[in-house]
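Chemist: Following this line is work09.cif, made up of mmCIF, C-alpha atoms:
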```cif
data_protein
#
loop_
_atom_site.group_PDB
_atom_site.id
_atom_site.type_symbol
_atom_site.label_atom_id
_atom_site.label_comp_id
_atom_site.auth_asym_id
_atom_site.auth_seq_id
_atom_site.Cartn_x
_atom_site.Cartn_y
_atom_site.Cartn_z
ATOM 1 C CA MET A 1 -66.019 23.265 36.087
ATOM 2 C CA ASN A 2 -62.473 21.906 36.454
ATOM 3 C CA SER A 3 -60.051 23.564 38.808
ATOM 4 C CA PRO A 4 -56.565 24.619 37.586
ATOM 5 C CA SER A 5 -54.907 21.855 39.661
ATOM 6 C CA THR A 6 -57.123 19.222 38.004
ATOM 7 C CA LEU A 7 -56.046 20.400 34.526
ATOM 8 C CA LYS A 8 -52.319 20.379 35.437
ATOM 9 C CA ARG A 9 -52.261 16.633 36.084
ATOM 10 C CA PRO A 10 -53.419 15.491 32.585
ATOM 11 C CA LEU A 11 -51.250 18.185 30.993
ATOM 12 C CA ALA A 12 -48.197 16.939 32.902
ATOM 13 C CA CYS A 13 -48.931 13.345 31.821
ATOM 14 C CA LEU A 14 -49.339 14.432 28.216
ATOM 15 C CA CYS A 15 -46.015 16.334 28.299
ATOM 16 C CA PHE A 16 -44.252 13.331 29.807
ATOM 17 C CA ILE A 17 -45.637 10.949 27.148
ATOM 18 C CA LEU A 18 -44.749 13.320 24.299
ATOM 19 C CA SER A 19 -41.219 13.814 25.587
ATOM 20 C CA ALA A 20 -40.671 10.058 26.001
ATOM 21 C CA VAL A 21 -41.941 9.372 22.485
ATOM 22 C CA SER A 22 -39.872 12.175 20.947
ATOM 23 C CA PHE A 23 -36.568 10.936 22.492
ATOM 24 C CA GLN A 24 -36.845 7.328 21.301
ATOM 25 C CA PRO A 25 -36.452 8.022 17.557
ATOM 26 C CA MET A 26 -33.283 10.035 18.236
ATOM 27 C CA ASP A 27 -31.726 7.092 20.105
ATOM 28 C CA ILE A 28 -32.643 4.674 17.307
ATOM 29 C CA ALA A 29 -31.355 7.112 14.695
ATOM 30 C CA ALA A 30 -28.053 7.421 16.566
ATOM 31 C CA GLN A 31 -27.694 3.638 16.707
ATOM 32 C CA VAL A 32 -28.427 3.264 13.001
ATOM 33 C CA ALA A 33 -26.010 6.066 12.108
ATOM 34 C CA GLY A 34 -23.289 4.379 14.222
ATOM 35 C CA ALA A 35 -23.857 1.062 12.463
ATOM 36 C CA GLN A 36 -23.614 2.726 9.055
ATOM 37 C CA THR A 37 -20.293 4.456 9.706
ATOM 38 C CA GLY A 38 -18.377 1.267 8.956
ATOM 39 C CA MET A 39 -16.155 1.648 12.007
ATOM 40 C CA ALA A 40 -14.455 -1.620 12.924
ATOM 41 C CA THR A 41 -14.664 -2.861 16.486
ATOM 42 C CA ARG A 42 -11.514 -3.246 18.555
ATOM 43 C CA SER A 43 -11.741 -7.048 18.160
ATOM 44 C CA VAL A 44 -12.093 -6.879 14.381
ATOM 45 C CA THR A 45 -9.133 -4.487 14.152
ATOM 46 C CA LYS A 46 -6.983 -6.715 16.373
ATOM 47 C CA TYR A 47 -7.716 -10.007 14.607
ATOM 48 C CA LEU A 48 -7.570 -8.490 11.138
ATOM 49 C CA ALA A 49 -4.016 -7.365 11.965
ATOM 50 C CA LEU A 50 -3.118 -10.856 13.245
ATOM 51 C CA GLU A 51 -4.618 -12.555 10.166
ATOM 52 C CA ARG A 52 -2.777 -10.161 7.856
ATOM 53 C CA SER A 53 0.492 -10.825 9.708
ATOM 54 C CA LEU A 54 0.061 -14.576 9.263
ATOM 55 C CA LEU A 55 -0.860 -14.149 5.603
ATOM 56 C CA GLU A 56 2.180 -11.938 5.011
ATOM 57 C CA ALA A 57 4.496 -14.377 6.831
ATOM 58 C CA THR A 58 3.342 -17.283 4.657
ATOM 59 C CA ALA A 59 3.541 -15.212 1.442
ATOM 60 C CA GLN A 60 7.127 -14.246 2.334
ATOM 61 C CA GLN A 61 7.933 -17.785 3.533
ATOM 62 C CA ASN A 62 8.898 -16.362 6.922
ATOM 63 C CA ARG A 63 8.844 -19.428 9.182
ATOM 64 C CA GLU A 64 9.855 -17.497 12.301
ATOM 65 C CA GLY A 65 7.112 -14.904 11.780
ATOM 66 C CA ALA A 66 4.499 -17.610 11.189
ATOM 67 C CA ASN A 67 5.629 -19.619 14.227
ATOM 68 C CA GLN A 68 5.157 -16.563 16.447
ATOM 69 C CA LEU A 69 1.475 -16.598 15.511
ATOM 70 C CA LEU A 70 0.821 -20.357 15.479
ATOM 71 C CA ASP A 71 0.354 -22.389 18.639
ATOM 72 C CA ALA A 72 2.756 -25.330 19.013
ATOM 73 C CA GLU A 73 -0.257 -27.676 18.796
ATOM 74 C CA PHE A 74 -1.796 -25.820 15.820
ATOM 75 C CA GLU A 75 -3.674 -27.898 13.284
ATOM 76 C CA SER A 76 -5.699 -27.169 10.191
ATOM 77 C CA ARG A 77 -8.746 -28.949 8.908
ATOM 78 C CA ILE A 78 -9.571 -28.645 5.239
ATOM 79 C CA SER A 79 -12.996 -29.452 3.821
ATOM 80 C CA ASP A 80 -11.675 -31.882 1.199
ATOM 81 C CA GLY A 81 -9.557 -33.892 3.644
ATOM 82 C CA ASN A 82 -10.437 -36.166 6.537
ATOM 83 C CA ASP A 83 -7.284 -35.865 8.607
ATOM 84 C CA PRO A 84 -6.068 -32.770 10.409
ATOM 85 C CA VAL A 85 -2.946 -31.120 9.017
ATOM 86 C CA ALA A 86 -0.313 -30.606 11.715
ATOM 87 C CA HIS A 87 1.650 -27.407 12.347
ATOM 88 C CA ASP A 88 4.801 -28.200 10.317
ATOM 89 C CA ASP A 89 2.918 -29.856 7.451
ATOM 90 C CA TRP A 90 0.612 -26.843 7.172
ATOM 91 C CA LEU A 91 3.557 -24.444 7.029
ATOM 92 C CA ASN A 92 5.367 -26.566 4.419
ATOM 93 C CA HIS A 93 2.228 -26.642 2.286
ATOM 94 C CA ALA A 94 1.696 -22.881 2.655
ATOM 95 C CA PHE A 95 5.315 -22.190 1.686
ATOM 96 C CA SER A 96 5.230 -24.541 -1.319
ATOM 97 C CA HIS A 97 2.553 -22.531 -3.121
ATOM 98 C CA SER A 98 3.573 -19.223 -4.568
ATOM 99 C CA HIS A 99 0.980 -16.554 -3.990
ATOM 100 C CA SER A 100 0.770 -12.917 -3.161
ATOM 101 C CA ALA A 101 -0.398 -11.809 0.250
ATOM 102 C CA GLY A 102 -4.015 -11.883 -0.914
ATOM 103 C CA GLN A 103 -6.986 -10.051 0.529
ATOM 104 C CA ILE A 104 -9.092 -10.690 3.615
ATOM 105 C CA ARG A 105 -12.730 -9.629 3.431
ATOM 106 C CA ASP A 106 -15.934 -9.978 5.444
ATOM 107 C CA LEU A 107 -14.087 -10.654 8.718
ATOM 108 C CA THR A 108 -16.180 -11.194 11.851
ATOM 109 C CA VAL A 109 -15.129 -12.030 15.412
ATOM 110 C CA PHE A 110 -16.970 -13.916 18.150
ATOM 111 C CA GLU A 111 -15.202 -13.938 21.525
ATOM 112 C CA THR A 112 -15.979 -16.469 24.254
ATOM 113 C CA ASP A 113 -14.128 -18.111 27.164
ATOM 114 C CA GLY A 114 -10.636 -16.976 26.158
ATOM 115 C CA VAL A 115 -11.058 -17.972 22.510
ATOM 116 C CA ALA A 116 -11.845 -15.705 19.570
ATOM 117 C CA LEU A 117 -13.550 -17.322 16.589
ATOM 118 C CA VAL A 118 -12.611 -15.334 13.509
ATOM 119 C CA SER A 119 -14.332 -16.032 10.195
ATOM 120 C CA PHE A 120 -13.521 -14.425 6.856
ATOM 121 C CA THR A 121 -13.126 -14.952 3.132
ATOM 122 C CA LEU A 122 -9.559 -15.065 1.844
ATOM 123 C CA ASP A 123 -8.943 -14.181 -1.795
ATOM 124 C CA LEU A 124 -5.543 -15.464 -2.988
ATOM 125 C CA ASN A 125 -4.047 -14.455 -6.308
ATOM 126 C CA THR A 126 -2.784 -17.795 -7.584
ATOM 127 C CA GLY A 127 -1.695 -16.962 -11.108
ATOM 128 C CA LYS A 128 -2.373 -14.863 -14.146
ATOM 129 C CA ASN A 129 -5.459 -12.910 -13.157
ATOM 130 C CA LYS A 130 -6.675 -15.965 -11.261
ATOM 131 C CA THR A 131 -8.072 -15.635 -7.755
ATOM 132 C CA THR A 132 -9.090 -18.494 -5.487
ATOM 133 C CA ALA A 133 -11.413 -17.734 -2.584
ATOM 134 C CA TYR A 134 -11.453 -19.702 0.664
ATOM 135 C CA PHE A 135 -13.826 -19.464 3.596
ATOM 136 C CA ILE A 136 -11.849 -19.688 6.849
ATOM 137 C CA VAL A 137 -12.730 -19.993 10.519
ATOM 138 C CA ASP A 138 -9.792 -19.512 12.887
ATOM 139 C CA ALA A 139 -9.764 -20.121 16.638
ATOM 140 C CA TRP A 140 -7.326 -17.735 18.364
ATOM 141 C CA GLN A 141 -6.298 -18.047 21.997
ATOM 142 C CA GLN A 142 -6.915 -14.550 23.350
ATOM 143 C CA ALA A 143 -4.319 -14.596 26.139
ATOM 144 C CA THR A 144 -1.406 -15.422 23.824
ATOM 145 C CA ASP A 145 -2.665 -14.214 20.418
ATOM 146 C CA ARG A 146 -1.788 -17.597 18.943
ATOM 147 C CA LEU A 147 -3.790 -19.501 16.355
ATOM 148 C CA LEU A 148 -5.015 -22.836 17.744
ATOM 149 C CA VAL A 149 -6.927 -24.317 14.820
ATOM 150 C CA ARG A 150 -7.996 -23.332 11.303
ATOM 151 C CA TYR A 151 -11.008 -24.675 9.423
ATOM 152 C CA GLN A 152 -10.818 -23.959 5.712
ATOM 153 C CA SER A 153 -13.099 -24.650 2.786
ATOM 154 C CA LYS A 154 -13.319 -23.628 -0.807
ATOM 155 C CA PRO A 155 -16.621 -22.065 -1.746
ATOM 156 C CA VAL A 156 -18.730 -24.347 -3.923
ATOM 157 C CA SER A 157 -19.067 -21.656 -6.547
ATOM 158 C CA LEU A 158 -18.428 -17.990 -6.856
ATOM 159 C CA LYS A 159 -20.520 -16.100 -9.332
ATOM 160 C CA PRO A 160 -18.148 -14.000 -11.419
ATOM 161 C CA ARG A 161 -18.704 -10.286 -11.178
ATOM 162 C CA SER A 162 -20.180 -8.800 -14.293
ATOM 163 C CA LYS A 163 -18.029 -6.170 -15.961
ATOM 164 C CA ARG A 164 -21.119 -4.434 -17.266
ATOM 165 C CA PRO A 165 -24.428 -4.225 -15.448
ATOM 166 C CA ASP A 166 -27.097 -6.394 -17.002
ATOM 167 C CA GLY A 167 -30.034 -5.118 -14.940
ATOM 168 C CA LYS A 168 -30.345 -8.384 -12.976
ATOM 169 C CA GLU A 169 -28.129 -7.457 -10.019
#
```
Let me see the file written as structure tokens.
Modeler:
Amino acid sequence: MNSPSTLKRPLACLCFILSAVSFQPMDIAAQVAGAQTGMATRSVTKYLALERSLLEATAQQNREGANQLLDAEFESRISDGNDPVAHDDWLNHAFSHSHSAGQIRDLTVFETDGVALVSFTLDLNTGKNKTTAYFIVDAWQQATDRLLVRYQSKPVSLKPRSKRPDGKE
């Protein structure tokens, strides 16, 4: 026959195992709930504000506002061109095209060694109900909040959104 002290040991182990197993799902559920809240990180909030400021400055043809955000050595690289576009040429090009401020979507930030790599899709309203989408990767210097380089490409194709569901979405 087992003594009471012999029975306490397996019971204590069983309680410990059950408590460890029961706490894990709560932690995972809390992490999943946090990811689903849609809360932006501090980095996303910061760089979204900087990108919007630059977009607004170019839409309003505000050279001083744009220059406060662009590094003196800023350059842009566009997918359909071989040569980099220098600071002043990029601004002149941006100011020569009339567009509204547009919309930034799907922005992500990767920070490393004093540089933040910010990627997003930019939808520009370029005319009568016409929107052109660009995929952009910007490299921001974190210490100065200045844009060092921009890589920009037009998407190959954007599937138009159906006005009415067709059951294939």
Chemist: Can you tell me which residues surround segment 41-52 of chain A at a distance of at most 9 Å, considering all atoms listed in the file, apart from same-chain residues fewer than 2 positions away, and format the answer as a PyMOL selection string?
Modeler: chain A and resi 39+54-57+69+101+103-104+107-111+116+118+140+145-146
Chemist: Point out the residue among A:Thr58, A:Lys130, A:Glu73, A:Asp80 with the least atom-to-atom distance to Ala94 of chain A, counting all atoms listed in the file.
Modeler: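 Checking each of A:Thr58, A:Lys130, A:Glu73, A:Asp80 against Ala94 of chain A, counting all atoms listed in the file, the winner is A:Thr58.
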Chemist: Which neighbours of Val137 of chain A fall inside 8 Å, counting all atoms listed in the file, when residues of the same chain fewer than 5 positions from it are skipped, and could you give them as a list in words?
Modeler: Leu117, Val118, Ser119, Phe120, Arg150, Tyr151 and Gln152 of chain A
Chemist: Between A:Glu64, A:Asn129, A:His87, A:Asp71, which residue has the minimum interatomic distance to Ala143 of chain A, considering all atoms listed in the file?
Modeler: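 For Ala143 of chain A, the nearest of the given residues is A:Asp71.
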Chemist: What is the distance between atom CA of Asn125 of chain A and atom CA of Ala72 of chain A, in Å to one decimal?
Modeler: 28.4 Å
Chemist: So what do you get for atom CA of Leu148 of chain A versus atom CA of Ala66 of chain A, distance-wise?
Modeler: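 We find that atom CA of Leu148 of chain A and atom CA of Ala66 of chain A lie 12.7 Å from each other.
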Chemist: So, counting all atoms listed in the file, which residue among A:Leu91, A:Leu147, A:Ile78, A:Ala86 is closest to Gln60 of chain A?
Modeler: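 Closest candidate: A:Leu91.
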Chemist: Go ahead and compute the interatomic distance for atom CA of Ser79 of chain A and atom CA of Thr112 of chain A, in Å to one decimal.
Modeler: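 Computed distance, atom CA of Ser79 of chain A to atom CA of Thr112 of chain A, equals 24.4 Å.
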Chemist: Give the answer as one residue: which of A:Thr121, A:Ser76, A:Gln61, A:Gln68 has the shortest atom-to-atom distance to His97 of chain A, using all atoms listed in the file?
Modeler: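 Of A:Thr121, A:Ser76, A:Gln61, A:Gln68, the one nearest His97 of chain A is A:Gln61, counting all atoms listed in the file.
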Chemist: Between A:Lys154, A:Pro84, A:Trp90, A:Leu124, which is the closest to Leu70 of chain A once you count all atoms listed in the file?
Modeler: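 Selected residue with least distance to Leu70 of chain A: A:Trp90.
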Chemist: Go through A:Ser153, A:Asn82, A:Ser96, A:Thr132 one by one, measure the shortest atom-to-atom distance of each to Ala59 of chain A using all atoms listed in the file, and give the residue with the smallest value.
Modeler: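 The answer is A:Ser96, which sits nearest to Ala59 of chain A.
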